[in-house]
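Asker: Below you'll find coords.cif; it's mmCIF, N, CA and C atoms.
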```cif
data_target
loop_
_atom_site.label_atom_id
_atom_site.label_comp_id
_atom_site.auth_asym_id
_atom_site.auth_seq_id
_atom_site.Cartn_x
_atom_site.Cartn_y
_atom_site.Cartn_z
N MET A 1 47.04 -37.49 -176.14
CA MET A 1 46.04 -36.75 -176.89
C MET A 1 45.53 -37.59 -178.07
N LYS A 2 46.45 -38.25 -178.77
CA LYS A 2 46.06 -39.08 -179.90
C LYS A 2 45.16 -40.22 -179.44
N LYS A 3 45.45 -40.77 -178.26
CA LYS A 3 44.64 -41.87 -177.73
C LYS A 3 43.22 -41.39 -177.42
N ILE A 4 43.09 -40.20 -176.91
CA ILE A 4 41.78 -39.66 -176.58
C ILE A 4 40.96 -39.45 -177.85
N ILE A 5 41.57 -38.90 -178.88
CA ILE A 5 40.88 -38.67 -180.16
C ILE A 5 40.49 -40.01 -180.78
N PHE A 6 41.41 -40.96 -180.77
CA PHE A 6 41.12 -42.28 -181.31
C PHE A 6 39.96 -42.94 -180.56
N THR A 7 39.99 -42.87 -179.24
CA THR A 7 38.92 -43.45 -178.41
C THR A 7 37.58 -42.79 -178.72
N ALA A 8 37.59 -41.48 -178.86
CA ALA A 8 36.36 -40.74 -179.17
C ALA A 8 35.81 -41.17 -180.53
N LEU A 9 36.69 -41.34 -181.51
CA LEU A 9 36.26 -41.78 -182.84
C LEU A 9 35.68 -43.19 -182.79
N VAL A 10 36.34 -44.08 -182.06
CA VAL A 10 35.86 -45.46 -181.95
C VAL A 10 34.49 -45.49 -181.27
N LEU A 11 34.35 -44.73 -180.19
CA LEU A 11 33.07 -44.68 -179.50
C LEU A 11 31.97 -44.09 -180.39
N GLY A 12 32.30 -43.06 -181.11
CA GLY A 12 31.33 -42.45 -182.02
C GLY A 12 30.91 -43.41 -183.10
N PHE A 13 31.87 -44.13 -183.68
CA PHE A 13 31.56 -45.11 -184.72
C PHE A 13 30.71 -46.24 -184.15
N THR A 14 31.03 -46.69 -182.96
CA THR A 14 30.27 -47.77 -182.32
C THR A 14 28.84 -47.35 -182.09
N GLN A 15 28.64 -46.12 -181.62
CA GLN A 15 27.28 -45.63 -181.40
C GLN A 15 26.52 -45.52 -182.73
N PHE A 16 27.19 -45.07 -183.78
CA PHE A 16 26.55 -44.98 -185.09
C PHE A 16 26.17 -46.37 -185.59
N ALA A 17 27.07 -47.34 -185.47
CA ALA A 17 26.80 -48.71 -185.92
C ALA A 17 25.64 -49.30 -185.14
N THR A 18 25.59 -49.05 -183.84
CA THR A 18 24.50 -49.57 -183.02
C THR A 18 23.17 -48.95 -183.45
N ALA A 19 23.18 -47.66 -183.70
CA ALA A 19 21.96 -46.99 -184.16
C ALA A 19 21.52 -47.55 -185.51
N GLN A 20 22.48 -47.78 -186.40
CA GLN A 20 22.16 -48.34 -187.71
C GLN A 20 21.59 -49.74 -187.57
N GLN A 21 22.17 -50.54 -186.71
CA GLN A 21 21.67 -51.90 -186.50
C GLN A 21 20.23 -51.86 -186.00
N ALA A 22 19.93 -50.96 -185.11
CA ALA A 22 18.56 -50.85 -184.62
C ALA A 22 17.62 -50.52 -185.76
N THR A 23 18.05 -49.66 -186.68
CA THR A 23 17.23 -49.32 -187.82
C THR A 23 17.06 -50.53 -188.74
N VAL A 24 18.10 -51.30 -188.94
CA VAL A 24 18.00 -52.51 -189.76
C VAL A 24 17.02 -53.49 -189.11
N ALA A 25 17.10 -53.63 -187.80
CA ALA A 25 16.17 -54.52 -187.09
C ALA A 25 14.73 -54.02 -187.25
N GLU A 26 14.54 -52.71 -187.15
CA GLU A 26 13.20 -52.15 -187.33
C GLU A 26 12.72 -52.33 -188.76
N ALA A 27 13.62 -52.18 -189.70
CA ALA A 27 13.26 -52.38 -191.10
C ALA A 27 12.84 -53.83 -191.34
N LYS A 28 13.57 -54.76 -190.76
CA LYS A 28 13.22 -56.17 -190.92
C LYS A 28 11.85 -56.45 -190.31
N GLU A 29 11.61 -55.88 -189.14
CA GLU A 29 10.31 -56.05 -188.49
C GLU A 29 9.20 -55.52 -189.39
N LEU A 30 9.44 -54.37 -190.01
CA LEU A 30 8.44 -53.76 -190.89
C LEU A 30 8.23 -54.62 -192.14
N ILE A 31 9.29 -55.15 -192.70
CA ILE A 31 9.18 -56.01 -193.88
C ILE A 31 8.28 -57.21 -193.56
N LEU A 32 8.52 -57.82 -192.41
CA LEU A 32 7.72 -58.97 -192.02
C LEU A 32 6.27 -58.57 -191.75
N LEU A 33 6.07 -57.42 -191.09
CA LEU A 33 4.73 -56.94 -190.79
C LEU A 33 3.96 -56.62 -192.07
N SER A 34 4.63 -55.97 -193.01
CA SER A 34 3.96 -55.48 -194.23
C SER A 34 3.60 -56.57 -195.21
N GLY A 35 4.18 -57.74 -195.06
CA GLY A 35 3.88 -58.82 -195.99
C GLY A 35 4.60 -58.69 -197.32
N VAL A 36 5.64 -57.88 -197.37
CA VAL A 36 6.39 -57.69 -198.61
C VAL A 36 6.86 -59.04 -199.17
N ASN A 37 7.25 -59.93 -198.29
CA ASN A 37 7.75 -61.23 -198.74
C ASN A 37 6.68 -62.11 -199.37
N SER A 38 5.42 -61.72 -199.22
CA SER A 38 4.35 -62.52 -199.83
C SER A 38 4.41 -62.49 -201.35
N GLN A 39 5.19 -61.56 -201.91
CA GLN A 39 5.35 -61.51 -203.36
C GLN A 39 5.98 -62.78 -203.90
N TYR A 40 6.66 -63.52 -203.04
CA TYR A 40 7.29 -64.76 -203.47
C TYR A 40 6.35 -65.95 -203.44
N ASP A 41 5.19 -65.80 -202.79
CA ASP A 41 4.29 -66.93 -202.59
C ASP A 41 3.85 -67.59 -203.89
N ALA A 42 3.45 -66.80 -204.87
CA ALA A 42 2.97 -67.35 -206.14
C ALA A 42 4.07 -68.14 -206.83
N VAL A 43 5.28 -67.60 -206.84
CA VAL A 43 6.40 -68.29 -207.47
C VAL A 43 6.72 -69.57 -206.72
N LEU A 44 6.73 -69.48 -205.40
CA LEU A 44 7.04 -70.67 -204.59
C LEU A 44 6.01 -71.77 -204.81
N GLN A 45 4.74 -71.40 -204.94
CA GLN A 45 3.71 -72.41 -205.19
C GLN A 45 3.97 -73.14 -206.50
N GLN A 46 4.42 -72.41 -207.51
CA GLN A 46 4.76 -73.04 -208.79
C GLN A 46 5.93 -73.99 -208.62
N VAL A 47 6.94 -73.56 -207.88
CA VAL A 47 8.12 -74.40 -207.64
C VAL A 47 7.71 -75.65 -206.87
N TYR A 48 6.89 -75.48 -205.84
CA TYR A 48 6.46 -76.62 -205.03
C TYR A 48 5.70 -77.65 -205.85
N SER A 49 4.94 -77.17 -206.83
CA SER A 49 4.14 -78.10 -207.65
C SER A 49 5.01 -78.97 -208.55
N MET A 50 6.26 -78.58 -208.75
CA MET A 50 7.16 -79.34 -209.63
C MET A 50 8.03 -80.34 -208.87
N VAL A 51 7.89 -80.37 -207.55
CA VAL A 51 8.76 -81.21 -206.71
C VAL A 51 7.93 -82.32 -206.09
N PRO A 52 8.45 -83.54 -206.05
CA PRO A 52 7.71 -84.64 -205.41
C PRO A 52 7.36 -84.27 -203.96
N GLU A 53 6.17 -84.64 -203.54
CA GLU A 53 5.68 -84.26 -202.22
C GLU A 53 6.59 -84.72 -201.09
N ALA A 54 7.22 -85.85 -201.26
CA ALA A 54 8.11 -86.36 -200.21
C ALA A 54 9.32 -85.45 -199.98
N LYS A 55 9.69 -84.68 -201.00
CA LYS A 55 10.85 -83.80 -200.89
C LYS A 55 10.49 -82.37 -200.49
N LEU A 56 9.20 -82.07 -200.43
CA LEU A 56 8.77 -80.70 -200.15
C LEU A 56 9.25 -80.15 -198.81
N PRO A 57 9.14 -80.91 -197.71
CA PRO A 57 9.58 -80.32 -196.44
C PRO A 57 11.05 -79.87 -196.46
N GLU A 58 11.90 -80.67 -197.05
CA GLU A 58 13.32 -80.32 -197.12
C GLU A 58 13.55 -79.13 -198.05
N LEU A 59 12.84 -79.11 -199.18
CA LEU A 59 12.94 -77.98 -200.11
C LEU A 59 12.50 -76.70 -199.43
N LYS A 60 11.36 -76.73 -198.74
CA LYS A 60 10.85 -75.54 -198.07
C LYS A 60 11.85 -75.04 -197.03
N LYS A 61 12.46 -75.95 -196.32
CA LYS A 61 13.46 -75.57 -195.31
C LYS A 61 14.65 -74.90 -195.98
N ASP A 62 15.15 -75.47 -197.07
CA ASP A 62 16.30 -74.90 -197.78
C ASP A 62 15.98 -73.53 -198.37
N LEU A 63 14.79 -73.41 -198.95
CA LEU A 63 14.41 -72.13 -199.55
C LEU A 63 14.18 -71.07 -198.48
N GLN A 64 13.70 -71.48 -197.30
CA GLN A 64 13.47 -70.51 -196.23
C GLN A 64 14.77 -69.86 -195.79
N VAL A 65 15.86 -70.63 -195.80
CA VAL A 65 17.16 -70.07 -195.46
C VAL A 65 17.51 -68.94 -196.44
N ILE A 66 17.26 -69.18 -197.72
CA ILE A 66 17.55 -68.17 -198.75
C ILE A 66 16.65 -66.96 -198.57
N LEU A 67 15.36 -67.20 -198.31
CA LEU A 67 14.43 -66.10 -198.13
C LEU A 67 14.78 -65.26 -196.90
N ASP A 68 15.18 -65.92 -195.82
CA ASP A 68 15.58 -65.19 -194.61
C ASP A 68 16.81 -64.32 -194.87
N LYS A 69 17.76 -64.87 -195.60
CA LYS A 69 18.97 -64.11 -195.94
C LYS A 69 18.60 -62.90 -196.81
N ASN A 70 17.68 -63.10 -197.74
CA ASN A 70 17.24 -62.00 -198.59
C ASN A 70 16.52 -60.92 -197.78
N THR A 71 15.70 -61.35 -196.82
CA THR A 71 15.00 -60.39 -195.97
C THR A 71 16.00 -59.53 -195.21
N ASP A 72 17.07 -60.15 -194.71
CA ASP A 72 18.10 -59.39 -194.01
C ASP A 72 18.75 -58.36 -194.94
N LYS A 73 19.05 -58.77 -196.18
CA LYS A 73 19.66 -57.84 -197.13
C LYS A 73 18.71 -56.69 -197.47
N VAL A 74 17.46 -57.01 -197.71
CA VAL A 74 16.48 -55.99 -198.06
C VAL A 74 16.27 -55.04 -196.88
N ALA A 75 16.29 -55.56 -195.66
CA ALA A 75 16.16 -54.70 -194.48
C ALA A 75 17.30 -53.69 -194.43
N GLY A 76 18.49 -54.11 -194.80
CA GLY A 76 19.61 -53.18 -194.87
C GLY A 76 19.39 -52.08 -195.90
N ILE A 77 18.78 -52.45 -197.00
CA ILE A 77 18.48 -51.47 -198.05
C ILE A 77 17.41 -50.49 -197.54
N TRP A 78 16.36 -51.01 -196.93
CA TRP A 78 15.32 -50.14 -196.39
C TRP A 78 15.92 -49.17 -195.37
N ALA A 79 16.79 -49.69 -194.52
CA ALA A 79 17.40 -48.86 -193.47
C ALA A 79 18.23 -47.73 -194.08
N LYS A 80 18.73 -47.97 -195.28
CA LYS A 80 19.53 -46.96 -195.96
C LYS A 80 18.66 -45.78 -196.44
N TYR A 81 17.40 -46.05 -196.75
CA TYR A 81 16.54 -45.03 -197.34
C TYR A 81 15.49 -44.45 -196.39
N TYR A 82 15.28 -45.11 -195.24
CA TYR A 82 14.29 -44.63 -194.27
C TYR A 82 14.95 -44.38 -192.93
N THR A 83 14.51 -43.31 -192.26
CA THR A 83 14.98 -43.05 -190.91
C THR A 83 14.17 -43.91 -189.94
N LYS A 84 14.63 -43.96 -188.69
CA LYS A 84 13.89 -44.70 -187.67
C LYS A 84 12.48 -44.13 -187.53
N ALA A 85 12.37 -42.81 -187.58
CA ALA A 85 11.06 -42.16 -187.45
C ALA A 85 10.13 -42.54 -188.62
N GLU A 86 10.68 -42.57 -189.82
CA GLU A 86 9.87 -42.96 -190.99
C GLU A 86 9.44 -44.42 -190.90
N LEU A 87 10.33 -45.28 -190.43
CA LEU A 87 9.96 -46.68 -190.25
C LEU A 87 8.85 -46.81 -189.22
N ALA A 88 8.91 -46.01 -188.17
CA ALA A 88 7.86 -46.03 -187.15
C ALA A 88 6.51 -45.60 -187.75
N GLU A 89 6.54 -44.58 -188.63
CA GLU A 89 5.31 -44.13 -189.29
C GLU A 89 4.75 -45.22 -190.20
N LEU A 90 5.63 -45.88 -190.93
CA LEU A 90 5.19 -46.98 -191.80
C LEU A 90 4.59 -48.12 -190.98
N LYS A 91 5.19 -48.38 -189.84
CA LYS A 91 4.67 -49.43 -188.96
C LYS A 91 3.26 -49.05 -188.50
N LYS A 92 3.05 -47.78 -188.14
CA LYS A 92 1.71 -47.32 -187.76
C LYS A 92 0.73 -47.55 -188.90
N PHE A 93 1.17 -47.22 -190.12
CA PHE A 93 0.30 -47.40 -191.28
C PHE A 93 -0.09 -48.87 -191.43
N TYR A 94 0.88 -49.78 -191.39
CA TYR A 94 0.57 -51.20 -191.60
C TYR A 94 -0.24 -51.79 -190.46
N ASN A 95 -0.26 -51.14 -189.31
CA ASN A 95 -1.11 -51.58 -188.21
C ASN A 95 -2.50 -50.94 -188.25
N SER A 96 -2.69 -49.98 -189.16
CA SER A 96 -3.99 -49.32 -189.30
C SER A 96 -4.93 -50.21 -190.13
N PRO A 97 -6.24 -49.93 -190.11
CA PRO A 97 -7.17 -50.74 -190.91
C PRO A 97 -6.82 -50.76 -192.41
N ILE A 98 -6.48 -49.61 -192.99
CA ILE A 98 -6.15 -49.60 -194.42
C ILE A 98 -4.82 -50.31 -194.68
N GLY A 99 -3.89 -50.19 -193.75
CA GLY A 99 -2.62 -50.90 -193.88
C GLY A 99 -2.82 -52.41 -193.82
N LYS A 100 -3.69 -52.85 -192.92
CA LYS A 100 -3.99 -54.29 -192.82
C LYS A 100 -4.68 -54.78 -194.09
N LYS A 101 -5.54 -53.93 -194.66
CA LYS A 101 -6.19 -54.30 -195.92
C LYS A 101 -5.15 -54.42 -197.03
N MET A 102 -4.19 -53.51 -197.03
CA MET A 102 -3.13 -53.58 -198.04
C MET A 102 -2.33 -54.88 -197.89
N ILE A 103 -2.01 -55.23 -196.65
CA ILE A 103 -1.28 -56.48 -196.40
C ILE A 103 -2.08 -57.67 -196.91
N GLU A 104 -3.38 -57.65 -196.66
CA GLU A 104 -4.25 -58.76 -197.08
C GLU A 104 -4.36 -58.86 -198.60
N ASN A 105 -4.44 -57.71 -199.27
CA ASN A 105 -4.68 -57.71 -200.71
C ASN A 105 -3.42 -57.78 -201.57
N THR A 106 -2.27 -57.45 -201.00
CA THR A 106 -1.03 -57.42 -201.80
C THR A 106 -0.73 -58.74 -202.51
N PRO A 107 -0.84 -59.90 -201.84
CA PRO A 107 -0.56 -61.14 -202.57
C PRO A 107 -1.49 -61.36 -203.77
N LYS A 108 -2.77 -61.03 -203.61
CA LYS A 108 -3.72 -61.19 -204.72
C LYS A 108 -3.38 -60.23 -205.86
N ILE A 109 -3.07 -59.00 -205.49
CA ILE A 109 -2.72 -57.99 -206.50
C ILE A 109 -1.45 -58.41 -207.23
N THR A 110 -0.47 -58.89 -206.48
CA THR A 110 0.80 -59.31 -207.09
C THR A 110 0.58 -60.45 -208.08
N THR A 111 -0.24 -61.43 -207.69
CA THR A 111 -0.52 -62.57 -208.57
C THR A 111 -1.17 -62.11 -209.86
N GLU A 112 -2.17 -61.24 -209.74
CA GLU A 112 -2.84 -60.73 -210.94
C GLU A 112 -1.90 -59.88 -211.79
N ALA A 113 -1.11 -59.05 -211.15
CA ALA A 113 -0.19 -58.18 -211.88
C ALA A 113 0.87 -59.00 -212.61
N MET A 114 1.34 -60.08 -211.99
CA MET A 114 2.34 -60.93 -212.64
C MET A 114 1.79 -61.52 -213.93
N ALA A 115 0.55 -61.95 -213.91
CA ALA A 115 -0.06 -62.50 -215.12
C ALA A 115 -0.14 -61.44 -216.21
N ASP A 116 -0.54 -60.22 -215.84
CA ASP A 116 -0.61 -59.13 -216.81
C ASP A 116 0.78 -58.77 -217.34
N GLN A 117 1.76 -58.77 -216.46
CA GLN A 117 3.12 -58.43 -216.89
C GLN A 117 3.69 -59.48 -217.83
N GLN A 118 3.36 -60.74 -217.61
CA GLN A 118 3.82 -61.78 -218.54
C GLN A 118 3.22 -61.56 -219.92
N GLU A 119 1.94 -61.24 -219.95
CA GLU A 119 1.27 -60.97 -221.22
C GLU A 119 1.88 -59.75 -221.91
N MET A 120 2.12 -58.69 -221.14
CA MET A 120 2.73 -57.49 -221.68
C MET A 120 4.13 -57.80 -222.22
N GLY A 121 4.87 -58.62 -221.50
CA GLY A 121 6.22 -58.99 -221.93
C GLY A 121 6.21 -59.69 -223.28
N MET A 122 5.22 -60.57 -223.48
CA MET A 122 5.12 -61.27 -224.77
C MET A 122 4.78 -60.29 -225.89
N GLU A 123 3.88 -59.35 -225.61
CA GLU A 123 3.54 -58.34 -226.61
C GLU A 123 4.75 -57.48 -226.96
N MET A 124 5.49 -57.07 -225.95
CA MET A 124 6.68 -56.25 -226.18
C MET A 124 7.73 -57.01 -226.98
N GLN A 125 7.86 -58.29 -226.69
CA GLN A 125 8.83 -59.11 -227.41
C GLN A 125 8.49 -59.18 -228.90
N GLN A 126 7.20 -59.30 -229.21
CA GLN A 126 6.79 -59.33 -230.62
C GLN A 126 7.13 -58.02 -231.32
N VAL A 127 6.89 -56.92 -230.66
CA VAL A 127 7.20 -55.61 -231.25
C VAL A 127 8.71 -55.48 -231.42
N MET A 128 9.48 -55.87 -230.41
CA MET A 128 10.93 -55.77 -230.48
C MET A 128 11.50 -56.62 -231.61
N MET A 129 10.94 -57.78 -231.81
CA MET A 129 11.42 -58.67 -232.88
C MET A 129 11.30 -58.00 -234.24
N LYS A 130 10.27 -57.21 -234.41
CA LYS A 130 10.05 -56.49 -235.66
C LYS A 130 11.20 -55.54 -235.96
N TYR A 131 11.79 -54.97 -234.93
CA TYR A 131 12.86 -53.99 -235.10
C TYR A 131 14.25 -54.62 -235.07
N MET A 132 14.34 -55.86 -234.64
CA MET A 132 15.65 -56.50 -234.52
C MET A 132 16.04 -57.25 -235.79
N GLN A 133 15.13 -57.36 -236.74
CA GLN A 133 15.42 -58.09 -237.97
C GLN A 133 15.97 -57.21 -239.04
#
```
Just dump the structure as structure tokens.
Answerer:
Amino acid sequence: MKKIIFTALVLGFTQFATAQQATVAEAKELILLSGVNSQYDAVLQQVYSMVPEAKLPELKKDLQVILDKNTDKVAGIWAKYYTKAELAELKKFYNSPIGKKMIENTPKITTEAMADQQEMGMEMQQVMMKYMQ
């Protein structure tokens, strides 16, 4: 009897893990489709400009390993907060005309927003300094 219960638990856990993995895979697919990783493009361009051109191919290869690992981690986080059905709906959105427009415009918006946020950060720092003295 104990063996039957144990086997049932193991099978149930295996099915849950498999379902979760499928969701992680779908989340990763959605991350790549949505262009979320394009937020790193502006930063990477700055980094690339500081490295001798002869070393760029190797640097890009090394950084891609880190970015791929990060994408896997983020996919796990997405899978934690979205169901398979919700991921499917998001995929439909990103394949729609407005979703494609969002994918196209996100890198431009991110670049502009980063510049504004840097300016805001400097302003906030000046105000904070007034109170820290």
Asker: Rank A:Ala115, A:Ile98, A:Ala88, A:Met132 by their smallest atom-to-atom distance to Glu26 (chain A), using all atoms listed in the file, and report the top residue only.
Answerer: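 Residue with the minimum atom-to-atom distance to Glu26 (chain A): A:Ala88.
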Asker: Restricting the calculation to only C-alpha atoms, which member of A:Gln64, A:Asn95, A:Thr71, A:Gln117 is positioned closest to Leu44 (chain A)?
Answerer: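 Ranking A:Gln64, A:Asn95, A:Thr71, A:Gln117 by distance to Leu44 (chain A), first place goes to A:Gln64.
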Asker: Quick one, how far is CA of Gln133 (chain A) from atom N of Gly121 (chain A)?
Answerer: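 According to the coordinates, CA of Gln133 (chain A) and atom N of Gly121 (chain A) are separated by 19.6 Å.
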Asker: What gap, in Å, lies between atom C of Ile103 (chain A) and atom N of Pro57 (chain A)?
Answerer: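 Taking atom C of Ile103 (chain A) as the start and atom N of Pro57 (chain A) as the end point, the length is 25.8 Å.
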Asker: Quick one: residues within 8 Å of Val74 (chain A), all atoms listed in the file, excluding same-chain residues fewer than 3 positions away - as a VMD selection string?
Answerer: chain A and resid 24 27 to 28 31 68 to 71 77 to 80
Asker: Quick one: distance from atom N of Glu112 (chain A) to atom N of Val36 (chain A) in Å, one decimal?
Answerer: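 Separating atom N of Glu112 (chain A) from atom N of Val36 (chain A) is a distance of 15.0 Å.
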